[in-house]
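Pasted below: protein-v4.txt, compact mmCIF, N, CA and C atoms.
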```
# COMPACT_ATOMS: atom_id res chain seq x y z
N GLN A 1 -2.89 -40.20 -39.55
CA GLN A 1 -2.47 -40.82 -40.80
C GLN A 1 -0.98 -41.08 -40.73
N ALA A 2 -0.57 -42.24 -41.27
CA ALA A 2 0.84 -42.58 -41.26
C ALA A 2 1.64 -41.56 -42.06
N GLN A 3 2.86 -41.32 -41.61
CA GLN A 3 3.69 -40.32 -42.26
C GLN A 3 5.09 -40.88 -42.42
N LEU A 4 5.65 -40.75 -43.61
CA LEU A 4 7.00 -41.21 -43.89
C LEU A 4 7.84 -39.99 -44.25
N VAL A 5 9.01 -39.84 -43.63
CA VAL A 5 9.86 -38.69 -43.87
C VAL A 5 11.28 -39.17 -44.11
N GLU A 6 11.79 -38.94 -45.34
CA GLU A 6 13.15 -39.35 -45.69
C GLU A 6 14.16 -38.29 -45.32
N SER A 7 15.40 -38.74 -45.12
CA SER A 7 16.53 -37.84 -44.91
C SER A 7 17.81 -38.59 -45.29
N GLY A 8 18.90 -37.85 -45.39
CA GLY A 8 20.19 -38.50 -45.61
C GLY A 8 20.73 -38.41 -47.02
N GLY A 9 19.96 -37.83 -47.94
CA GLY A 9 20.47 -37.69 -49.29
C GLY A 9 21.58 -36.65 -49.35
N GLY A 10 22.21 -36.55 -50.51
CA GLY A 10 23.28 -35.58 -50.68
C GLY A 10 24.08 -35.87 -51.92
N SER A 11 25.23 -35.22 -52.01
CA SER A 11 26.12 -35.40 -53.15
C SER A 11 27.37 -36.14 -52.71
N VAL A 12 27.81 -37.07 -53.52
CA VAL A 12 28.97 -37.87 -53.18
C VAL A 12 29.69 -38.27 -54.46
N GLN A 13 30.97 -38.50 -54.35
CA GLN A 13 31.72 -38.97 -55.51
C GLN A 13 31.52 -40.48 -55.70
N GLY A 14 31.72 -40.92 -56.92
CA GLY A 14 31.60 -42.34 -57.19
C GLY A 14 32.50 -43.16 -56.29
N GLY A 15 31.96 -44.28 -55.81
CA GLY A 15 32.69 -45.11 -54.87
C GLY A 15 32.39 -44.79 -53.42
N GLY A 16 31.72 -43.67 -53.20
CA GLY A 16 31.40 -43.26 -51.84
C GLY A 16 30.15 -43.95 -51.30
N SER A 17 29.77 -43.55 -50.09
CA SER A 17 28.63 -44.16 -49.40
C SER A 17 27.69 -43.10 -48.86
N LEU A 18 26.44 -43.46 -48.75
CA LEU A 18 25.42 -42.65 -48.09
C LEU A 18 24.46 -43.59 -47.38
N ARG A 19 23.84 -43.10 -46.31
CA ARG A 19 22.79 -43.85 -45.66
C ARG A 19 21.52 -43.02 -45.63
N LEU A 20 20.49 -43.52 -46.26
CA LEU A 20 19.20 -42.85 -46.23
C LEU A 20 18.39 -43.36 -45.05
N SER A 21 17.61 -42.46 -44.48
CA SER A 21 16.73 -42.83 -43.37
C SER A 21 15.30 -42.44 -43.72
N CYS A 22 14.37 -43.18 -43.19
CA CYS A 22 12.96 -42.89 -43.39
C CYS A 22 12.25 -43.10 -42.06
N SER A 23 11.85 -41.98 -41.47
CA SER A 23 11.12 -42.06 -40.21
C SER A 23 9.71 -42.57 -40.48
N THR A 24 9.33 -43.58 -39.73
CA THR A 24 8.02 -44.20 -39.96
C THR A 24 7.11 -44.02 -38.75
N SER A 25 7.24 -42.90 -38.10
CA SER A 25 6.40 -42.64 -36.93
C SER A 25 4.92 -42.71 -37.33
N ARG A 26 4.12 -43.29 -36.43
CA ARG A 26 2.68 -43.48 -36.63
C ARG A 26 2.36 -44.55 -37.65
N PHE A 27 3.40 -45.18 -38.24
CA PHE A 27 3.15 -46.34 -39.10
C PHE A 27 3.48 -47.54 -38.25
N THR A 28 2.49 -48.04 -37.54
CA THR A 28 2.74 -48.98 -36.44
C THR A 28 2.29 -50.40 -36.73
N TYR A 29 2.12 -50.74 -37.99
CA TYR A 29 1.72 -52.10 -38.32
C TYR A 29 2.86 -53.06 -37.99
N SER A 30 2.52 -54.15 -37.35
CA SER A 30 3.55 -55.12 -36.95
C SER A 30 4.08 -55.88 -38.15
N ARG A 31 3.27 -56.02 -39.19
CA ARG A 31 3.71 -56.65 -40.42
C ARG A 31 3.35 -55.73 -41.58
N SER A 32 4.33 -55.46 -42.43
CA SER A 32 4.08 -54.60 -43.58
C SER A 32 5.24 -54.74 -44.55
N CYS A 33 4.98 -54.35 -45.77
CA CYS A 33 6.04 -54.30 -46.78
C CYS A 33 6.54 -52.86 -46.85
N MET A 34 7.83 -52.69 -46.71
CA MET A 34 8.44 -51.37 -46.83
C MET A 34 9.50 -51.41 -47.92
N ALA A 35 9.68 -50.28 -48.58
CA ALA A 35 10.52 -50.29 -49.78
C ALA A 35 11.22 -48.96 -49.98
N TRP A 36 12.26 -49.01 -50.77
CA TRP A 36 12.90 -47.82 -51.32
C TRP A 36 12.73 -47.88 -52.84
N PHE A 37 12.26 -46.77 -53.39
CA PHE A 37 12.16 -46.58 -54.83
C PHE A 37 13.10 -45.43 -55.20
N ARG A 38 13.40 -45.33 -56.49
CA ARG A 38 14.14 -44.18 -56.97
C ARG A 38 13.62 -43.77 -58.34
N GLN A 39 13.80 -42.49 -58.61
CA GLN A 39 13.35 -41.95 -59.90
C GLN A 39 14.38 -40.97 -60.41
N ALA A 40 14.98 -41.32 -61.54
CA ALA A 40 15.93 -40.44 -62.20
C ALA A 40 15.17 -39.56 -63.18
N PRO A 41 15.71 -38.40 -63.55
CA PRO A 41 15.03 -37.50 -64.49
C PRO A 41 14.69 -38.22 -65.79
N GLY A 42 13.42 -38.11 -66.20
CA GLY A 42 13.00 -38.72 -67.45
C GLY A 42 12.75 -40.21 -67.39
N LYS A 43 12.86 -40.79 -66.20
CA LYS A 43 12.65 -42.23 -66.06
C LYS A 43 11.50 -42.51 -65.10
N GLU A 44 11.00 -43.73 -65.19
CA GLU A 44 9.93 -44.17 -64.29
C GLU A 44 10.49 -44.40 -62.88
N ARG A 45 9.61 -44.23 -61.90
CA ARG A 45 9.98 -44.58 -60.53
C ARG A 45 10.05 -46.11 -60.43
N ALA A 46 11.16 -46.60 -59.91
CA ALA A 46 11.38 -48.05 -59.89
C ALA A 46 11.85 -48.51 -58.52
N GLY A 47 11.48 -49.74 -58.18
CA GLY A 47 11.87 -50.29 -56.90
C GLY A 47 13.36 -50.58 -56.84
N VAL A 48 13.92 -50.40 -55.66
CA VAL A 48 15.34 -50.65 -55.42
C VAL A 48 15.51 -51.81 -54.43
N ALA A 49 14.75 -51.74 -53.34
CA ALA A 49 14.88 -52.76 -52.31
C ALA A 49 13.60 -52.81 -51.48
N THR A 50 13.29 -53.98 -50.97
CA THR A 50 12.13 -54.14 -50.11
C THR A 50 12.51 -54.94 -48.87
N ILE A 51 11.72 -54.73 -47.81
CA ILE A 51 11.85 -55.53 -46.60
C ILE A 51 10.46 -55.80 -46.07
N TYR A 52 10.20 -57.05 -45.72
CA TYR A 52 8.91 -57.38 -45.13
C TYR A 52 9.10 -57.37 -43.62
N VAL A 53 8.57 -56.32 -43.00
CA VAL A 53 8.70 -56.14 -41.56
C VAL A 53 7.90 -57.21 -40.84
N GLY A 54 8.52 -57.83 -39.90
CA GLY A 54 7.89 -58.93 -39.17
C GLY A 54 8.58 -60.24 -39.49
N LEU A 55 9.06 -60.36 -40.73
CA LEU A 55 9.82 -61.54 -41.13
C LEU A 55 11.28 -61.20 -41.41
N GLY A 56 11.54 -59.92 -41.71
CA GLY A 56 12.90 -59.50 -42.00
C GLY A 56 13.40 -59.91 -43.37
N ARG A 57 12.49 -60.35 -44.21
CA ARG A 57 12.86 -60.80 -45.56
C ARG A 57 13.15 -59.60 -46.43
N THR A 58 14.29 -59.65 -47.15
CA THR A 58 14.68 -58.54 -48.01
C THR A 58 14.83 -58.99 -49.45
N ASP A 59 14.75 -58.00 -50.36
CA ASP A 59 14.91 -58.27 -51.79
C ASP A 59 15.49 -57.04 -52.44
N TYR A 60 16.32 -57.25 -53.47
CA TYR A 60 17.03 -56.14 -54.08
C TYR A 60 16.98 -56.23 -55.60
N ALA A 61 16.97 -55.06 -56.22
CA ALA A 61 17.15 -55.00 -57.66
C ALA A 61 18.56 -55.47 -57.99
N ASP A 62 18.71 -56.12 -59.15
CA ASP A 62 20.02 -56.63 -59.55
C ASP A 62 21.07 -55.52 -59.60
N SER A 63 20.64 -54.33 -59.97
CA SER A 63 21.60 -53.23 -60.16
C SER A 63 22.22 -52.75 -58.84
N VAL A 64 21.61 -53.09 -57.71
CA VAL A 64 22.13 -52.62 -56.42
C VAL A 64 22.55 -53.76 -55.51
N LYS A 65 22.27 -54.98 -55.93
CA LYS A 65 22.57 -56.15 -55.09
C LYS A 65 24.06 -56.18 -54.76
N GLY A 66 24.37 -56.38 -53.49
CA GLY A 66 25.75 -56.40 -53.06
C GLY A 66 26.31 -55.04 -52.70
N ARG A 67 25.60 -53.98 -53.05
CA ARG A 67 26.06 -52.61 -52.72
C ARG A 67 25.13 -51.92 -51.74
N PHE A 68 23.83 -52.19 -51.83
CA PHE A 68 22.84 -51.54 -50.97
C PHE A 68 22.30 -52.54 -49.95
N THR A 69 21.96 -52.02 -48.77
CA THR A 69 21.35 -52.85 -47.73
C THR A 69 20.16 -52.12 -47.13
N ILE A 70 19.00 -52.76 -47.15
CA ILE A 70 17.80 -52.21 -46.53
C ILE A 70 17.64 -52.83 -45.15
N SER A 71 17.24 -52.01 -44.19
CA SER A 71 17.03 -52.52 -42.83
C SER A 71 15.99 -51.67 -42.12
N LYS A 72 15.48 -52.20 -41.05
CA LYS A 72 14.46 -51.48 -40.27
C LYS A 72 14.80 -51.60 -38.80
N ASP A 73 14.86 -50.46 -38.12
CA ASP A 73 15.04 -50.42 -36.67
C ASP A 73 13.66 -50.21 -36.06
N ASN A 74 13.12 -51.28 -35.49
CA ASN A 74 11.75 -51.21 -34.98
C ASN A 74 11.64 -50.38 -33.71
N ILE A 75 12.73 -50.22 -32.97
CA ILE A 75 12.70 -49.39 -31.77
C ILE A 75 12.67 -47.91 -32.15
N LYS A 76 13.47 -47.55 -33.14
CA LYS A 76 13.51 -46.16 -33.60
C LYS A 76 12.45 -45.87 -34.66
N ASN A 77 11.72 -46.91 -35.08
CA ASN A 77 10.71 -46.73 -36.14
C ASN A 77 11.32 -46.06 -37.37
N THR A 78 12.46 -46.55 -37.78
CA THR A 78 13.17 -45.95 -38.91
C THR A 78 13.59 -47.02 -39.90
N LEU A 79 13.34 -46.74 -41.17
CA LEU A 79 13.78 -47.58 -42.28
C LEU A 79 15.07 -46.98 -42.83
N TYR A 80 16.04 -47.83 -43.16
CA TYR A 80 17.32 -47.36 -43.68
C TYR A 80 17.63 -47.96 -45.04
N LEU A 81 18.45 -47.25 -45.80
CA LEU A 81 19.06 -47.79 -47.00
C LEU A 81 20.53 -47.40 -46.97
N GLN A 82 21.37 -48.36 -46.67
CA GLN A 82 22.81 -48.13 -46.71
C GLN A 82 23.28 -48.35 -48.12
N MET A 83 23.93 -47.34 -48.70
CA MET A 83 24.37 -47.41 -50.09
C MET A 83 25.88 -47.26 -50.14
N ASN A 84 26.54 -48.31 -50.60
CA ASN A 84 28.00 -48.31 -50.71
C ASN A 84 28.40 -48.41 -52.17
N ASN A 85 29.66 -48.03 -52.43
CA ASN A 85 30.19 -48.11 -53.80
C ASN A 85 29.22 -47.47 -54.80
N LEU A 86 28.82 -46.25 -54.49
CA LEU A 86 27.84 -45.56 -55.33
C LEU A 86 28.41 -45.25 -56.71
N LYS A 87 27.50 -45.29 -57.69
CA LYS A 87 27.86 -45.04 -59.07
C LYS A 87 27.03 -43.88 -59.60
N PRO A 88 27.51 -43.19 -60.65
CA PRO A 88 26.72 -42.09 -61.22
C PRO A 88 25.30 -42.52 -61.61
N ASP A 89 25.14 -43.77 -62.04
CA ASP A 89 23.82 -44.27 -62.41
C ASP A 89 22.86 -44.36 -61.22
N ASP A 90 23.38 -44.25 -60.01
CA ASP A 90 22.52 -44.27 -58.81
C ASP A 90 21.90 -42.90 -58.54
N THR A 91 22.29 -41.89 -59.30
CA THR A 91 21.75 -40.55 -59.12
C THR A 91 20.25 -40.56 -59.38
N ALA A 92 19.48 -40.11 -58.39
CA ALA A 92 18.02 -40.12 -58.50
C ALA A 92 17.42 -39.50 -57.25
N MET A 93 16.11 -39.27 -57.31
CA MET A 93 15.36 -38.96 -56.10
C MET A 93 14.94 -40.30 -55.50
N TYR A 94 15.21 -40.47 -54.21
CA TYR A 94 14.89 -41.71 -53.54
C TYR A 94 13.69 -41.51 -52.62
N TYR A 95 12.77 -42.47 -52.69
CA TYR A 95 11.53 -42.41 -51.92
C TYR A 95 11.40 -43.67 -51.07
N CYS A 96 10.93 -43.51 -49.85
CA CYS A 96 10.53 -44.69 -49.09
C CYS A 96 9.02 -44.86 -49.23
N ALA A 97 8.60 -46.10 -49.15
CA ALA A 97 7.19 -46.43 -49.34
C ALA A 97 6.83 -47.58 -48.40
N ALA A 98 5.55 -47.66 -48.09
CA ALA A 98 5.11 -48.71 -47.17
C ALA A 98 3.67 -49.08 -47.47
N ASP A 99 3.35 -50.32 -47.15
CA ASP A 99 1.96 -50.75 -47.28
C ASP A 99 1.71 -51.95 -46.36
N PRO A 100 0.72 -51.87 -45.52
CA PRO A 100 0.46 -52.96 -44.58
C PRO A 100 -0.34 -54.11 -45.19
N TRP A 101 -0.85 -53.92 -46.40
CA TRP A 101 -1.70 -54.94 -47.01
C TRP A 101 -1.00 -55.76 -48.09
N LEU A 102 0.24 -55.34 -48.46
CA LEU A 102 1.00 -56.08 -49.47
C LEU A 102 1.67 -57.26 -48.77
N GLY A 103 1.28 -58.47 -49.13
CA GLY A 103 1.75 -59.66 -48.44
C GLY A 103 3.22 -59.95 -48.68
N ALA A 104 3.76 -60.82 -47.84
CA ALA A 104 5.18 -61.13 -47.91
C ALA A 104 5.58 -61.71 -49.26
N ASP A 105 4.69 -62.51 -49.86
CA ASP A 105 5.05 -63.15 -51.11
C ASP A 105 5.12 -62.16 -52.26
N ARG A 106 4.49 -61.00 -52.11
CA ARG A 106 4.53 -59.99 -53.15
C ARG A 106 5.43 -58.82 -52.80
N CYS A 107 6.07 -58.88 -51.65
CA CYS A 107 6.96 -57.82 -51.20
C CYS A 107 8.35 -58.04 -51.80
N THR A 108 8.47 -57.70 -53.08
CA THR A 108 9.75 -57.86 -53.78
C THR A 108 10.07 -56.57 -54.51
N TRP A 109 11.30 -56.47 -55.00
CA TRP A 109 11.73 -55.21 -55.60
C TRP A 109 10.96 -54.89 -56.88
N VAL A 110 10.30 -55.88 -57.46
CA VAL A 110 9.55 -55.63 -58.69
C VAL A 110 8.13 -55.14 -58.42
N ALA A 111 7.73 -55.10 -57.14
CA ALA A 111 6.39 -54.59 -56.82
C ALA A 111 6.26 -53.16 -57.34
N GLY A 112 5.19 -52.88 -58.01
CA GLY A 112 5.00 -51.58 -58.62
C GLY A 112 4.64 -50.50 -57.61
N ARG A 113 4.84 -49.27 -58.02
CA ARG A 113 4.55 -48.14 -57.13
C ARG A 113 3.08 -48.10 -56.74
N HIS A 114 2.21 -48.62 -57.60
CA HIS A 114 0.78 -48.60 -57.30
C HIS A 114 0.43 -49.54 -56.17
N GLU A 115 1.35 -50.42 -55.78
CA GLU A 115 1.10 -51.37 -54.70
C GLU A 115 1.22 -50.71 -53.32
N PHE A 116 1.82 -49.54 -53.26
CA PHE A 116 2.12 -48.90 -51.98
C PHE A 116 1.23 -47.69 -51.75
N ASN A 117 0.63 -47.64 -50.59
CA ASN A 117 -0.30 -46.57 -50.26
C ASN A 117 0.33 -45.42 -49.49
N TYR A 118 1.51 -45.62 -48.95
CA TYR A 118 2.15 -44.58 -48.14
C TYR A 118 3.51 -44.25 -48.73
N TRP A 119 3.78 -42.95 -48.87
CA TRP A 119 5.00 -42.48 -49.50
C TRP A 119 5.61 -41.32 -48.73
N GLY A 120 6.93 -41.25 -48.79
CA GLY A 120 7.62 -40.06 -48.31
C GLY A 120 7.74 -39.04 -49.42
N GLN A 121 8.35 -37.90 -49.10
CA GLN A 121 8.45 -36.80 -50.05
C GLN A 121 9.68 -36.91 -50.94
N GLY A 122 10.60 -37.79 -50.60
CA GLY A 122 11.80 -38.00 -51.41
C GLY A 122 13.02 -37.27 -50.90
N THR A 123 14.18 -37.83 -51.19
CA THR A 123 15.46 -37.20 -50.87
C THR A 123 16.40 -37.43 -52.04
N GLN A 124 17.11 -36.38 -52.44
CA GLN A 124 17.94 -36.43 -53.65
C GLN A 124 19.31 -37.04 -53.35
N VAL A 125 19.73 -37.94 -54.22
CA VAL A 125 21.07 -38.51 -54.18
C VAL A 125 21.75 -38.20 -55.51
N THR A 126 22.92 -37.58 -55.45
CA THR A 126 23.67 -37.23 -56.64
C THR A 126 25.07 -37.81 -56.52
N VAL A 127 25.45 -38.61 -57.51
CA VAL A 127 26.76 -39.26 -57.50
C VAL A 127 27.55 -38.75 -58.70
N SER A 128 28.69 -38.17 -58.44
CA SER A 128 29.54 -37.64 -59.51
C SER A 128 30.64 -38.64 -59.84
N SER A 129 31.07 -38.58 -61.11
CA SER A 129 32.13 -39.51 -61.55
C SER A 129 33.51 -38.95 -61.25
```
Let me see the file written as structure tokens.
Amino acid sequence: QAQLVESGGGSVQGGGSLRLSCSTSRFTYSRSCMAWFRQAPGKERAGVATIYVGLGRTDYADSVKGRFTISKDNIKNTLYLQMNNLKPDDTAMYYCAADPWLGADRCTWVAGRHEFNYWGQGTQVTVSS
């Protein structure tokens, strides 16, 4: 069974940077939609960024556009989320997600959590002011 494992979370001051990683070993689909979601306390889990593997097409939530970059290293089988200029509002548990059946046209940041069949366990990001 495919397994996703996140790492790279931590605590940082506002304006700082973090890079999240998601190991996608055994998730070997040549085309798939992969995403980062986040969930703050008391809030719904929401999409942050998506990438359609095979086409390299990316999409971002307005709140992170220009600050976050999603990428995939196919040799290392690792999904990344580079987060720059972090703000306290970015504080949340971050999850990577993947689904080989979600088509490219629906692989956008607004895709709901129910669209993804594979999830990591999450990594905490805390941004202080």
- Message: Residues within 10 Å of Glu115 of chain A, please, as number ranges by chain. Count only C-alpha atoms; anything in the same chain fewer than 3 positions from it doesn't count.
- Response: A: 33, 97-99, 101-102, 106-107, 111-112, 118
- Message: Can you measure atom N of Ser25 of chain A to atom C of Gly42 of chain A for me? One decimal in Å is fine.
- Response: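 Rounded to one decimal, the two atoms are 29.9 Å apart.
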- Message: To one decimal place in Å, what is the distance between atom N of Met93 of chain A and atom CA of Val53 of chain A?
- Response: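 Spanning atom N of Met93 of chain A to atom CA of Val53 of chain A is a straight-line distance of 24.2 Å.
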- Spatial neighbours of Ala35 of chain A, max dist 6 Å, only N, CA and C atoms, sep filter under 5 positions, as a ChimeraX atom specification: /A:49-51,95-98
Just-selected residues, N, CA and C atoms written as an mmCIF file, in the frame of the given file:
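The result, written out as again10.cif:
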```cif
data_model
loop_
_atom_site.group_PDB
_atom_site.id
_atom_site.type_symbol
_atom_site.label_atom_id
_atom_site.label_comp_id
_atom_site.auth_asym_id
_atom_site.auth_seq_id
_atom_site.Cartn_x
_atom_site.Cartn_y
_atom_site.Cartn_z
ATOM 1 N N ALA A 49 14.750 -51.740 -53.340
ATOM 2 C CA ALA A 49 14.880 -52.760 -52.310
ATOM 3 C C ALA A 49 13.600 -52.810 -51.480
ATOM 4 N N THR A 50 13.290 -53.980 -50.970
ATOM 5 C CA THR A 50 12.130 -54.140 -50.110
ATOM 6 C C THR A 50 12.510 -54.940 -48.870
ATOM 7 N N ILE A 51 11.720 -54.730 -47.810
ATOM 8 C CA ILE A 51 11.850 -55.530 -46.600
ATOM 9 C C ILE A 51 10.460 -55.800 -46.070
ATOM 10 N N TYR A 95 12.770 -42.470 -52.690
ATOM 11 C CA TYR A 95 11.530 -42.410 -51.920
ATOM 12 C C TYR A 95 11.400 -43.670 -51.070
ATOM 13 N N CYS A 96 10.930 -43.510 -49.850
ATOM 14 C CA CYS A 96 10.530 -44.690 -49.090
ATOM 15 C C CYS A 96 9.020 -44.860 -49.230
ATOM 16 N N ALA A 97 8.600 -46.100 -49.150
ATOM 17 C CA ALA A 97 7.190 -46.430 -49.340
ATOM 18 C C ALA A 97 6.830 -47.580 -48.400
ATOM 19 N N ALA A 98 5.550 -47.660 -48.090
ATOM 20 C CA ALA A 98 5.110 -48.710 -47.170
ATOM 21 C C ALA A 98 3.670 -49.080 -47.470
#
```
- Could you give me, as a PyMOL selection string, the residues within 6.5 Å of Gln13 of chain A, counting only N, CA and C atoms and dropping anything in the same chain fewer than 2 positions from it? chain A and resi 11+15-16+86+126-129
- Message: When you look at segment 67-79 of chain A with a cut-off of 12 Å (counting only C-alpha atoms), what residues show up, excluding the ones that are within fewer than 5 positions of it in the same chain? I need them as a VMD selection string.
- Response: chain A and resid 2 to 8 15 to 37 48 to 62 84 to 87 90 95 to 98 109 120
- Run DSSP on the backbone of this structure and report the residues of segment 13-119 of chain A it assigns to strand (DSSP E or B), as a PyMOL selection string. chain A and resi 13+18-23+32-39+46-53+57-60+68-73+78-83+92-99+118-119
- For the atom pair atom N of Asn117 of chain A and atom N of Pro88 of chain A, what is the interatomic distance in Å to one decimal place?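 The value is 29.0 Å.
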- Nearest residue to Gly47 of chain A from the set A:Val110, A:Ala92, A:Val12, A:Val125 (distances using all atoms listed in the file):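 Among the listed residues, A:Val110 lies closest to Gly47 of chain A.
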Can you sort out the box for segment 4-20 of chain A, edges along x, y and z, all listed atoms in, 4 Å on every side, with centre and edge lengths in Å to one decimal, as AutoDock Vina command-line options?
```
--center_x 19.2 --center_y -40.2 --center_z -50.4 --size_x 35.0 --size_y 17.9 --size_z 21.6
```
- Message: Restricting the calculation to only N, CA and C atoms: of A:Leu81, A:Gly103, A:Thr91, A:Thr108, which residue gets closest to Gln124 of chain A?
- Response: A:Thr91
